[in-house]
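For reference, protein29.json is printed below; it contains JSON, C-alpha atoms.
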[["chain", "number", "residue", "atom", "x", "y", "z"],
["E", 1431, "MET", "CA", -63.27, 36.30, 72.99],
["E", 1432, "SER", "CA", -64.17, 32.79, 74.10],
["E", 1433, "LEU", "CA", -61.61, 30.49, 75.66],
["E", 1434, "LEU", "CA", -61.94, 28.09, 72.70],
["E", 1435, "THR", "CA", -61.29, 30.88, 70.18],
["E", 1436, "TYR", "CA", -58.28, 32.10, 72.16],
["E", 1437, "PHE", "CA", -56.92, 28.55, 72.29],
["E", 1438, "TYR", "CA", -57.37, 28.15, 68.53],
["E", 1439, "ILE", "CA", -55.61, 31.45, 67.76],
["E", 1440, "SER", "CA", -52.73, 30.52, 70.07],
["E", 1441, "ILE", "CA", -52.24, 27.17, 68.34],
["E", 1442, "VAL", "CA", -52.24, 28.82, 64.90],
["E", 1443, "ALA", "CA", -49.69, 31.39, 66.07],
["E", 1444, "VAL", "CA", -47.38, 28.70, 67.41],
["E", 1445, "VAL", "CA", -47.60, 26.75, 64.17],
["E", 1446, "LEU", "CA", -46.87, 29.85, 62.08],
["E", 1447, "LEU", "CA", -43.93, 30.85, 64.26],
["E", 1448, "SER", "CA", -42.55, 27.32, 64.14],
["E", 1449, "SER", "CA", -42.92, 27.20, 60.37],
["E", 1450, "ARG", "CA", -41.24, 30.60, 60.03],
["E", 1451, "ALA", "CA", -38.39, 29.49, 62.28],
["E", 1452, "GLU", "CA", -37.83, 26.40, 60.14],
["E", 1453, "GLN", "CA", -37.80, 28.47, 56.97],
["E", 1454, "GLN", "CA", -35.25, 30.86, 58.48],
["E", 1455, "ARG", "CA", -33.03, 28.13, 59.90],
["E", 1456, "VAL", "CA", -30.12, 28.09, 57.51],
["E", 1457, "LEU", "CA", -26.44, 27.38, 57.89],
["E", 1458, "ASN", "CA", -24.02, 30.27, 58.16],
["E", 1459, "TYR", "CA", -22.12, 30.44, 54.89],
["E", 1460, "ILE", "CA", -18.82, 32.19, 54.29],
["E", 1461, "ASP", "CA", -18.02, 33.79, 50.95],
["E", 1462, "GLY", "CA", -15.07, 32.24, 49.15],
["E", 1463, "TYR", "CA", -12.50, 33.93, 46.94],
["E", 1464, "ARG", "CA", -14.04, 37.10, 45.49],
["E", 1465, "SER", "CA", -17.53, 35.66, 46.11],
["E", 1466, "SER", "CA", -16.89, 32.97, 43.51],
["E", 1467, "PHE", "CA", -18.47, 30.41, 45.84],
["E", 1468, "LYS", "CA", -19.77, 30.06, 49.38],
["E", 1469, "TYR", "CA", -18.97, 27.38, 51.87],
["E", 1470, "HIS", "CA", -19.78, 25.93, 55.27],
["E", 1471, "GLN", "CA", -16.94, 24.13, 57.06],
["E", 1472, "GLN", "CA", -18.51, 23.57, 60.50],
["E", 1473, "GLY", "CA", -20.02, 20.21, 59.66],
["E", 1474, "ASN", "CA", -21.17, 17.70, 62.26],
["E", 1475, "VAL", "CA", -21.69, 14.76, 59.89],
["E", 1476, "ASN", "CA", -19.48, 12.87, 57.46],
["E", 1477, "LEU", "CA", -21.17, 14.37, 54.39],
["E", 1478, "ILE", "CA", -20.06, 16.97, 51.84],
["E", 1479, "ILE", "CA", -22.47, 18.61, 49.39],
["E", 1480, "SER", "CA", -21.09, 20.39, 46.35],
["E", 1481, "ALA", "CA", -23.05, 22.31, 43.69],
["E", 1482, "PRO", "CA", -20.68, 23.83, 41.12],
["E", 1483, "HIS", "CA", -22.91, 24.85, 38.19],
["E", 1484, "GLY", "CA", -25.78, 26.97, 39.51],
["E", 1485, "GLY", "CA", -23.98, 30.31, 39.85],
["E", 1486, "SER", "CA", -24.91, 33.45, 37.95],
["E", 1487, "LEU", "CA", -22.30, 36.08, 38.88],
["E", 1488, "THR", "CA", -20.20, 37.31, 35.93],
["E", 1489, "PRO", "CA", -17.13, 39.32, 37.01],
["E", 1490, "ASN", "CA", -16.22, 41.84, 34.32],
["E", 1491, "ASP", "CA", -12.47, 41.24, 34.58],
["E", 1492, "LEU", "CA", -12.76, 37.55, 33.64],
["E", 1493, "PRO", "CA", -12.98, 36.47, 29.99],
["E", 1494, "ASP", "CA", -15.91, 34.36, 28.83],
["E", 1495, "ARG", "CA", -15.06, 30.69, 28.48],
["E", 1496, "LYS", "CA", -17.20, 30.62, 25.32],
["E", 1497, "ILE", "CA", -14.08, 31.40, 23.31],
["E", 1498, "GLY", "CA", -12.91, 27.88, 24.13],
["E", 1499, "GLY", "CA", -9.48, 26.38, 23.78],
["E", 1500, "CYS", "CA", -7.38, 25.70, 20.71],
["E", 1501, "LEU", "CA", -6.82, 22.42, 18.90],
["E", 1502, "ARG", "CA", -3.63, 22.46, 16.85],
["E", 1503, "HIS", "CA", -2.84, 19.96, 14.12],
["E", 1504, "SER", "CA", 0.95, 20.05, 14.40],
["E", 1505, "GLY", "CA", 3.65, 20.69, 16.96],
["E", 1506, "MET", "CA", 4.03, 19.50, 20.55],
["E", 1507, "SER", "CA", 0.32, 19.90, 21.37],
["E", 1508, "ALA", "CA", -1.06, 18.40, 18.16],
["E", 1509, "GLY", "CA", -4.39, 16.68, 18.72],
["E", 1510, "LEU", "CA", -4.87, 18.22, 22.16],
["E", 1511, "CYS", "CA", -6.88, 21.21, 23.27],
["E", 1512, "THR", "CA", -4.86, 23.92, 24.98],
["E", 1513, "TRP", "CA", -6.74, 26.34, 27.19],
["E", 1514, "TRP", "CA", -5.52, 29.94, 27.21],
["E", 1515, "TYR", "CA", -7.84, 32.93, 27.42],
["E", 1516, "ASN", "CA", -5.47, 35.05, 25.29],
["E", 1517, "ASP", "CA", -4.75, 32.43, 22.60],
["E", 1518, "THR", "CA", -5.81, 33.77, 19.18],
["E", 1519, "CYS", "CA", -5.72, 30.20, 17.78],
["E", 1520, "THR", "CA", -4.84, 31.41, 14.29],
["E", 1521, "ASP", "CA", -2.97, 28.18, 13.58],
["E", 1522, "GLY", "CA", -5.69, 25.78, 14.77],
["E", 1523, "GLN", "CA", -9.39, 25.47, 15.47],
["E", 1524, "ARG", "CA", -11.40, 26.28, 18.56],
["E", 1525, "CYS", "CA", -12.32, 23.60, 21.09],
["E", 1526, "ASN", "CA", -15.78, 23.91, 22.54],
["E", 1527, "THR", "CA", -16.44, 24.53, 26.23],
["E", 1528, "THR", "CA", -19.65, 23.73, 28.07],
["E", 1529, "THR", "CA", -21.13, 26.83, 29.71],
["E", 1530, "VAL", "CA", -24.78, 25.81, 30.31],
["E", 1531, "LYS", "CA", -26.10, 26.69, 33.76],
["E", 1532, "ASP", "CA", -27.71, 23.99, 35.92],
["E", 1533, "THR", "CA", -30.74, 26.12, 36.75],
["E", 1534, "LEU", "CA", -31.46, 26.36, 40.49],
["E", 1535, "SER", "CA", -29.12, 23.49, 41.32],
["E", 1536, "ASP", "CA", -27.48, 25.85, 43.81],
["E", 1537, "GLU", "CA", -30.81, 26.65, 45.47],
["E", 1538, "PHE", "CA", -31.74, 22.96, 45.50],
["E", 1539, "ALA", "CA", -28.46, 22.08, 47.22],
["E", 1540, "GLU", "CA", -29.12, 24.75, 49.86],
["E", 1541, "ASN", "CA", -32.64, 23.42, 50.38],
["E", 1542, "VAL", "CA", -31.28, 19.90, 50.86],
["E", 1543, "VAL", "CA", -28.76, 21.22, 53.38],
["E", 1544, "ASN", "CA", -31.50, 23.10, 55.25],
["E", 1545, "GLU", "CA", -33.71, 20.00, 55.37],
["E", 1546, "LEU", "CA", -30.88, 17.88, 56.72],
["E", 1547, "ASP", "CA", -30.44, 20.45, 59.48],
["E", 1548, "ILE", "CA", -34.16, 20.95, 60.22],
["E", 1549, "GLN", "CA", -35.28, 17.34, 60.04],
["E", 1550, "TYR", "CA", -32.21, 15.50, 61.35],
["E", 1551, "ALA", "CA", -29.95, 18.13, 63.02],
["E", 1552, "LEU", "CA", -27.25, 17.16, 60.52],
["E", 1553, "LYS", "CA", -24.98, 19.93, 59.22],
["E", 1554, "PRO", "CA", -22.95, 18.77, 56.22],
["E", 1555, "TYR", "CA", -19.89, 20.48, 54.80],
["E", 1556, "VAL", "CA", -21.02, 22.56, 51.83],
["E", 1557, "VAL", "CA", -19.37, 24.23, 48.81],
["E", 1558, "ILE", "CA", -21.67, 26.03, 46.32],
["E", 1559, "GLY", "CA", -20.51, 27.88, 43.21],
["E", 1560, "LYS", "CA", -21.63, 31.51, 42.73],
["E", 1561, "TRP", "CA", -19.73, 32.49, 39.58],
["E", 1562, "SER", "CA", -21.39, 31.65, 36.28],
["E", 1563, "ARG", "CA", -20.15, 28.72, 34.27],
["E", 1564, "THR", "CA", -19.45, 31.18, 31.45],
["E", 1565, "LYS", "CA", -16.56, 32.41, 33.64],
["E", 1566, "ILE", "CA", -15.43, 29.24, 35.43],
["E", 1567, "ASP", "CA", -16.31, 25.56, 35.60],
["E", 1568, "PHE", "CA", -15.60, 24.18, 39.05],
["E", 1569, "ASN", "CA", -16.25, 20.64, 37.75],
["E", 1570, "ARG", "CA", -13.39, 20.61, 35.22],
["E", 1571, "GLU", "CA", -9.65, 20.35, 35.67],
["E", 1572, "ILE", "CA", -8.15, 23.75, 36.26],
["E", 1573, "GLN", "CA", -6.92, 24.64, 32.75],
["E", 1574, "GLU", "CA", -10.17, 23.92, 30.93],
["E", 1575, "ALA", "CA", -12.11, 25.30, 33.91],
["E", 1576, "THR", "CA", -10.39, 28.69, 33.88],
["E", 1577, "LEU", "CA", -8.70, 29.10, 30.46],
["E", 1578, "ASN", "CA", -5.60, 29.73, 32.63],
["E", 1579, "HIS", "CA", -6.81, 33.16, 33.71],
["E", 1580, "PRO", "CA", -5.08, 33.99, 37.05],
["E", 1581, "GLU", "CA", -8.20, 35.17, 38.90],
["E", 1582, "ALA", "CA", -10.29, 32.22, 37.74],
["E", 1583, "MET", "CA", -7.47, 29.86, 38.71],
["E", 1584, "ASN", "CA", -7.40, 31.35, 42.22],
["E", 1585, "ALA", "CA", -11.17, 30.82, 42.55],
["E", 1586, "HIS", "CA", -10.87, 27.21, 41.32],
["E", 1587, "ARG", "CA", -8.07, 26.45, 43.78],
["E", 1588, "HIS", "CA", -10.06, 27.89, 46.68],
["E", 1589, "TYR", "CA", -13.24, 25.98, 45.75],
["E", 1590, "HIS", "CA", -11.37, 22.70, 45.64],
["E", 1591, "GLY", "CA", -9.28, 23.63, 48.65],
["E", 1592, "ASN", "CA", -12.52, 23.79, 50.65],
["E", 1593, "ILE", "CA", -13.63, 20.39, 49.39],
["E", 1594, "GLN", "CA", -10.22, 18.91, 50.26],
["E", 1595, "GLN", "CA", -10.34, 20.53, 53.70],
["E", 1596, "ALA", "CA", -13.75, 18.95, 54.30],
["E", 1597, "VAL", "CA", -12.49, 15.55, 53.12],
["E", 1598, "ASP", "CA", -9.53, 15.81, 55.48],
["E", 1599, "LYS", "CA", -11.78, 16.75, 58.43],
["E", 1600, "ILE", "CA", -14.11, 13.84, 57.73],
["E", 1601, "LYS", "CA", -11.23, 11.38, 57.48],
["E", 1602, "LEU", "CA", -9.81, 12.68, 60.75],
["E", 1603, "ASN", "CA", -13.10, 12.79, 62.69],
["E", 1604, "PHE", "CA", -15.05, 9.90, 61.18],
["E", 1605, "GLY", "CA", -12.71, 7.77, 59.06],
["E", 1606, "LYS", "CA", -15.16, 7.56, 56.16],
["E", 1607, "GLY", "CA", -17.82, 9.62, 54.46],
["E", 1608, "LEU", "CA", -19.70, 10.69, 51.34],
["E", 1609, "LEU", "CA", -19.34, 13.53, 48.83],
["E", 1610, "LEU", "CA", -22.49, 14.36, 46.86],
["E", 1611, "ASP", "CA", -22.08, 16.55, 43.78],
["E", 1612, "ILE", "CA", -25.42, 18.04, 42.69],
["E", 1613, "HIS", "CA", -26.11, 18.91, 39.03],
["E", 1614, "GLY", "CA", -28.99, 19.33, 36.62],
["E", 1615, "HIS", "CA", -29.75, 18.05, 33.12],
["E", 1616, "SER", "CA", -32.42, 18.43, 30.45],
["E", 1617, "ALA", "CA", -32.22, 15.02, 28.74],
["E", 1618, "GLY", "CA", -35.44, 13.68, 30.26],
["E", 1619, "ASN", "CA", -37.45, 13.24, 33.44],
["E", 1620, "TYR", "CA", -35.07, 10.91, 35.23],
["E", 1621, "THR", "CA", -32.08, 11.21, 37.56],
["E", 1622, "MET", "CA", -28.62, 10.03, 36.60],
["E", 1623, "VAL", "CA", -26.64, 8.63, 39.53],
["E", 1624, "GLY", "CA", -22.99, 8.86, 38.53],
["E", 1625, "TYR", "CA", -20.37, 6.48, 39.89],
["E", 1626, "LEU", "CA", -17.85, 7.04, 37.04],
["E", 1627, "LEU", "CA", -19.44, 4.21, 35.06],
["E", 1628, "THR", "CA", -20.61, 4.91, 31.51],
["E", 1629, "SER", "CA", -23.98, 3.81, 30.18],
["E", 1630, "ASP", "CA", -22.27, 0.98, 28.27],
["E", 1631, "GLN", "CA", -20.69, -0.26, 31.48],
["E", 1632, "LEU", "CA", -23.95, 0.04, 33.43],
["E", 1633, "ASN", "CA", -25.76, -1.86, 30.68],
["E", 1634, "ARG", "CA", -23.66, -4.95, 31.44],
["E", 1635, "ASN", "CA", -25.29, -7.77, 33.35],
["E", 1636, "ASP", "CA", -22.60, -8.08, 36.02],
["E", 1637, "LEU", "CA", -20.85, -5.00, 37.37],
["E", 1638, "ASN", "CA", -18.59, -7.16, 39.53],
["E", 1639, "THR", "CA", -16.59, -8.15, 36.45],
["E", 1640, "LEU", "CA", -15.69, -4.56, 35.53],
["E", 1641, "LEU", "CA", -11.99, -3.78, 35.77],
["E", 1642, "VAL", "CA", -12.41, 0.00, 36.06],
["E", 1643, "PRO", "CA", -12.68, 1.91, 39.34],
["E", 1644, "THR", "CA", -15.96, 3.41, 40.55],
["E", 1645, "SER", "CA", -16.42, 6.43, 42.78],
["E", 1646, "ILE", "CA", -17.70, 4.34, 45.72],
["E", 1647, "ASP", "CA", -15.24, 1.46, 45.75],
["E", 1648, "LEU", "CA", -14.45, 2.38, 49.37],
["E", 1649, "LEU", "CA", -18.05, 1.42, 50.17],
["E", 1650, "CYS", "CA", -18.72, -1.44, 47.79],
["E", 1651, "ASN", "CA", -16.34, -4.01, 49.26],
["E", 1652, "SER", "CA", -16.86, -7.18, 47.21],
["E", 1653, "SER", "CA", -20.16, -6.43, 45.47],
["E", 1654, "ARG", "CA", -20.62, -3.51, 43.10],
["E", 1655, "GLU", "CA", -23.92, -5.02, 42.00],
["E", 1656, "GLU", "CA", -25.33, -4.56, 45.48],
["E", 1657, "CYS", "CA", -24.10, -1.05, 46.20],
["E", 1658, "ILE", "CA", -24.67, 0.45, 42.73],
["E", 1659, "ARG", "CA", -28.03, -1.02, 41.70],
["E", 1660, "GLY", "CA", -29.17, -3.16, 44.58],
["E", 1661, "PRO", "CA", -31.82, -2.50, 47.25],
["E", 1662, "ASN", "CA", -29.40, -0.33, 49.26],
["E", 1663, "SER", "CA", -28.13, 1.74, 46.33],
["E", 1664, "PHE", "CA", -28.53, 5.50, 46.16],
["E", 1665, "GLY", "CA", -30.71, 5.29, 43.06],
["E", 1666, "THR", "CA", -33.08, 2.96, 44.90],
["E", 1667, "ALA", "CA", -33.14, 5.36, 47.87],
["E", 1668, "LEU", "CA", -34.10, 8.24, 45.57],
["E", 1669, "GLU", "CA", -36.91, 6.23, 43.97],
["E", 1670, "SER", "CA", -38.26, 4.99, 47.30],
["E", 1671, "ASN", "CA", -38.47, 8.61, 48.48],
["E", 1672, "GLN", "CA", -40.78, 9.84, 45.72],
["E", 1673, "LEU", "CA", -38.07, 11.27, 43.46],
["E", 1674, "GLY", "CA", -39.09, 9.60, 40.23],
["E", 1675, "ILE", "CA", -36.96, 7.30, 38.10],
["E", 1676, "ALA", "CA", -33.23, 7.00, 38.81],
["E", 1677, "TYR", "CA", -30.59, 5.12, 36.86],
["E", 1678, "PRO", "CA", -29.11, 2.86, 38.10],
["E", 1679, "SER", "CA", -31.42, 1.45, 40.77],
["E", 1680, "LEU", "CA", -33.01, -1.85, 41.71],
["E", 1681, "ALA", "CA", -36.08, -1.11, 39.56],
["E", 1682, "ASN", "CA", -34.12, 0.61, 36.78],
["E", 1683, "PRO", "CA", -30.68, -1.01, 36.71],
["E", 1684, "LYS", "CA", -29.63, -0.05, 33.16],
["E", 1685, "PRO", "CA", -29.97, 3.29, 31.35],
["E", 1686, "GLY", "CA", -30.13, 1.55, 27.98],
["E", 1687, "SER", "CA", -29.90, 4.09, 25.16],
["E", 1688, "LEU", "CA", -30.77, 7.09, 27.35],
["E", 1689, "ARG", "CA", -28.27, 9.89, 27.68],
["E", 1690, "PHE", "CA", -26.20, 9.26, 30.79],
["E", 1691, "LEU", "CA", -23.53, 11.34, 32.54],
["E", 1692, "SER", "CA", -21.21, 9.24, 34.67],
["E", 1693, "GLY", "CA", -19.57, 11.90, 36.85],
["E", 1694, "GLY", "CA", -17.04, 14.68, 36.38],
["E", 1695, "TYR", "CA", -13.89, 16.13, 37.84],
["E", 1696, "ILE", "CA", -15.26, 16.57, 41.38],
["E", 1697, "THR", "CA", -16.45, 12.97, 41.52],
["E", 1698, "LYS", "CA", -13.10, 11.67, 40.23],
["E", 1699, "ASN", "CA", -10.75, 13.88, 42.20],
["E", 1700, "TYR", "CA", -11.46, 12.82, 45.78],
["E", 1701, "ILE", "CA", -12.26, 9.11, 45.65],
["E", 1702, "SER", "CA", -8.98, 8.05, 47.19],
["E", 1703, "GLY", "CA", -10.23, 9.54, 50.46],
["E", 1704, "ILE", "CA", -14.03, 9.53, 50.33],
["E", 1705, "ASN", "CA", -16.97, 7.94, 48.53],
["E", 1706, "ALA", "CA", -18.38, 10.26, 45.87],
["E", 1707, "ILE", "CA", -21.61, 10.32, 43.83],
["E", 1708, "GLN", "CA", -22.76, 12.78, 41.18],
["E", 1709, "THR", "CA", -26.51, 13.24, 40.79],
["E", 1710, "GLU", "CA", -27.85, 14.81, 37.61],
["E", 1711, "LEU", "CA", -31.37, 15.93, 38.46],
["E", 1712, "PRO", "CA", -34.16, 16.75, 35.97],
["E", 1713, "TYR", "CA", -35.64, 20.24, 35.94],
["E", 1714, "ASP", "CA", -38.85, 19.32, 37.75],
["E", 1715, "ILE", "CA", -37.01, 17.97, 40.79],
["E", 1716, "ARG", "CA", -34.46, 20.75, 41.24],
["E", 1717, "ALA", "CA", -36.37, 23.75, 39.88],
["E", 1718, "GLY", "CA", -40.10, 22.94, 39.59],
["E", 1719, "VAL", "CA", -42.90, 24.21, 41.80],
["E", 1720, "ASN", "CA", -42.42, 21.33, 44.26],
["E", 1721, "ARG", "CA", -38.65, 21.73, 44.52],
["E", 1722, "ARG", "CA", -38.74, 22.31, 48.30],
["E", 1723, "THR", "CA", -40.63, 19.04, 48.80],
["E", 1724, "HIS", "CA", -38.19, 17.31, 46.46],
["E", 1725, "ALA", "CA", -35.29, 18.70, 48.50],
["E", 1726, "ARG", "CA", -36.87, 17.29, 51.65],
["E", 1727, "ASN", "CA", -37.25, 13.90, 49.96],
["E", 1728, "TYR", "CA", -33.67, 14.06, 48.66],
["E", 1729, "ALA", "CA", -32.40, 14.77, 52.18],
["E", 1730, "ARG", "CA", -34.41, 11.81, 53.46],
["E", 1731, "ALA", "CA", -32.95, 9.61, 50.70],
["E", 1732, "VAL", "CA", -29.41, 10.65, 51.68],
["E", 1733, "VAL", "CA", -29.98, 9.72, 55.32],
["E", 1734, "HIS", "CA", -31.70, 6.47, 54.30],
["E", 1735, "PHE", "CA", -28.83, 5.51, 51.97],
["E", 1736, "MET", "CA", -26.10, 6.33, 54.48],
["E", 1737, "LYS", "CA", -27.85, 4.45, 57.28],
["E", 1738, "GLN", "CA", -28.55, 1.39, 55.14],
["E", 1739, "ASN", "CA", -24.87, 1.22, 54.22],
["E", 1740, "HIS", "CA", -23.59, 1.85, 57.77],
["E", 1741, "LEU", "CA", -22.01, 5.08, 56.55],
["E", 1742, "LEU", "CA", -23.80, 7.78, 58.54],
["E", 1743, "LEU", "CA", -21.69, 9.16, 61.38],
["E", 1744, "SER", "CA", -22.24, 12.42, 63.26],
["E", 1745, "LYS", "CA", -21.06, 14.22, 66.35]]
Taking this structure as input, can you express it in the form of structure tokens?
Amino acid sequence: MSLLTYFYISIVAVVLLSSRAEQQRVLNYIDGYRSSFKYHQQGNVNLIISAPHGGSLTPNDLPDRKIGGCLRHSGMSAGLCTWWYNDTCTDGQRCNTTTVKDTLSDEFAENVVNELDIQYALKPYVVIGKWSRTKIDFNREIQEATLNHPEAMNAHRHYHGNIQQAVDKIKLNFGKGLLLDIHGHSAGNYTMVGYLLTSDQLNRNDLNTLLVPTSIDLLCNSSREECIRGPNSFGTALESNQLGIAYPSLANPKPGSLRFLSGGYITKNYISGINAIQTELPYDIRAGVNRRTHARNYARAVVHFMKQNHLLLSK
């Protein structure tokens, strides 16, 4: 074997070993209540990543949420849906529940977390759902999420207890931070960046005149226009990192008549203590053949956004 050939083989071996090491470098997760979710609480950065709707486990002792709640037309609960797994609803009509899975949103979240660790040595706090949405919805308030089944309620409390624990740690160690809630949708090939503003509200010309709260008011200071659809907005960061069209952003400030999801229970529930953003990702980004590259670009967009807004802090 010539010296040149030996040198070439050695270089290839190093590259392959390095690549394999990167692929195997993952955070150590702990299983939550009855494996309903997994979490990582040893974060070194003021970032939380949640992915509630990608799970596929279906415990046999939990009822399917497909039965829905019950809407009664008279009595104390008239006009409201009540959510009980053992309610026969003979004196009302069923309320629908959403049970659609966000395909591979859990894997995508893990890939983003891995890329943050590999590329930037940043380990966020992480909570990822493992139970199917047919059994529990971690992004709904507890009654609708669980149909008041005791085991589902315990899982819901533990999932959100881990998010709250991460929020508390970030407030203590850093003073400020960001919660990213990762979802998927099938409405079109664009990303919805949810700040608790509806499409009608985002279609206005001046967001600074809105009298409703957003999920990043802790960050926005005096200009919602700047932080929600300006050059330093998260939608703009996604677009500038090869992640397609995002609403709202500098280039695409208004969703117009497109379907738009503004953010759910997780985004709403923690904004008194931390900035929160829900991203609804199209199938191609979260589950297509290039999903690992998209995860790398998403991680880069997160770091870019947090740096641009003087939000990124680590230890």
Practice task
Kindly give the distance, in Å, that separates atom CA of E:Arg1634 and atom CA of E:Ser1679, rounded to a single decimal.
Solution key: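 Rounded to one decimal, the two atoms are 13.7 Å apart.
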Practice task
Give the answer as one residue: which of E:Val1475, E:Arg1722, E:Gly1674, E:Leu1608 has the shortest atom-to-atom distance to E:Glu1540, using only C-alpha atoms?
Solution key: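 Answer, going by the shortest atom-to-atom distance: E:Arg1722.
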Exercise for the section: For E:Leu1534, work out the shell of residues within 12 Å, counting all atoms listed in the file and skipping chain neighbours fewer than 4 positions away, then give it as an NGL selection string. Expected result: :E and (1481-1486 or 1538-1541 or 1558-1560 or 1612-1615 or 1711-1719 or 1721-1722 or 1725)
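By chain and then residue number, the residues within 12 Å of E:Leu1741 are Val1475, Asn1476, Leu1477, Ile1600, Phe1604, Gly1605, Lys1606, Gly1607, Leu1608, Leu1609, Ile1646, Leu1648, Leu1649, Cys1650, Asn1662, Ile1704, Asn1705, Val1732, Val1733, His1734 and Phe1735 of chain E, counting all atoms listed in the file and disregarding those fewer than 6 positions away in sequence.
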Would you write out those residues with C-alpha atoms, as a compact mmCIF listing (two decimals), in the frame of the given file?
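Here's the written file selection23.txt:
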# COMPACT_ATOMS: atom_id res chain seq x y z
CA VAL E 1475 -21.69 14.76 59.89
CA ASN E 1476 -19.48 12.87 57.46
CA LEU E 1477 -21.17 14.37 54.39
CA ILE E 1600 -14.11 13.84 57.73
CA PHE E 1604 -15.05 9.90 61.18
CA GLY E 1605 -12.71 7.77 59.06
CA LYS E 1606 -15.16 7.56 56.16
CA GLY E 1607 -17.82 9.62 54.46
CA LEU E 1608 -19.70 10.69 51.34
CA LEU E 1609 -19.34 13.53 48.83
CA ILE E 1646 -17.70 4.34 45.72
CA LEU E 1648 -14.45 2.38 49.37
CA LEU E 1649 -18.05 1.42 50.17
CA CYS E 1650 -18.72 -1.44 47.79
CA ASN E 1662 -29.40 -0.33 49.26
CA ILE E 1704 -14.03 9.53 50.33
CA ASN E 1705 -16.97 7.94 48.53
CA VAL E 1732 -29.41 10.65 51.68
CA VAL E 1733 -29.98 9.72 55.32
CA HIS E 1734 -31.70 6.47 54.30
CA PHE E 1735 -28.83 5.51 51.97
Handout entry: Separation of atom CA of E:Ser1652 from atom CA of E:Asn1638 in Å
Key =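 Atom CA of E:Ser1652 lies 7.9 Å from atom CA of E:Asn1638.
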Exercise for the section: Show which residues sit within 9 Å of stretch 1517-1525 of chain E, as a ChimeraX atom specification. Count all atoms listed in the file, and ignore same-chain residues fewer than 2 positions away. Expected result: /E:1497-1504,1511-1515,1527
Practice task
Find the residue from E:Asn1739, E:Thr1723, E:Asn1584, E:Ser1702 that sits nearest to E:Ile1658; use all atoms listed in the file when measuring.
Solution key: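 Selected residue with least distance to E:Ile1658: E:Asn1739.
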Practice task
Using all atoms listed in the file, collect all residues at a distance of at most 10 Å from (-10.5, 26.8, 47.9) as written in the file, then present them as a PyMOL selection string.
Solution key: chain E and resi 1462-1463+1466-1469+1557+1584-1595
Handout entry: Pairwise distance for atom CA of E:Tyr1459 and atom CA of E:Tyr1555, rounded to one decimal in Å
Key =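 According to the coordinates, atom CA of E:Tyr1459 and atom CA of E:Tyr1555 are separated by 10.2 Å.
With all atoms listed in the file as the atoms that count, the minimum distance from E:Pro1489 to the choices E:Ser1687, E:Thr1564, E:Ser1535, E:Thr1709 is reached by E:Thr1564.
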Enclose the full set of atoms of stretch 1569-1582 of chain E listed in the file within a box whose edges lie along x, y and z, apply 5 Å of padding to each of the six sides, and report centre and edge lengths in Å to one decimal as JSON.
{"center_x": -10.7, "center_y": 27.8, "center_z": 34.7, "size_x": 21.2, "size_y": 24.8, "size_z": 18.4}
Exercise for the section: Check the smallest atom-to-atom distance from each of E:Val1556, E:Ala1575, E:Leu1691, E:Ala1582 to E:Leu1627 using all atoms listed in the file, then report the winner. Expected result: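 Looking only at the distances to E:Leu1627, the closest residue turns out to be E:Leu1691.
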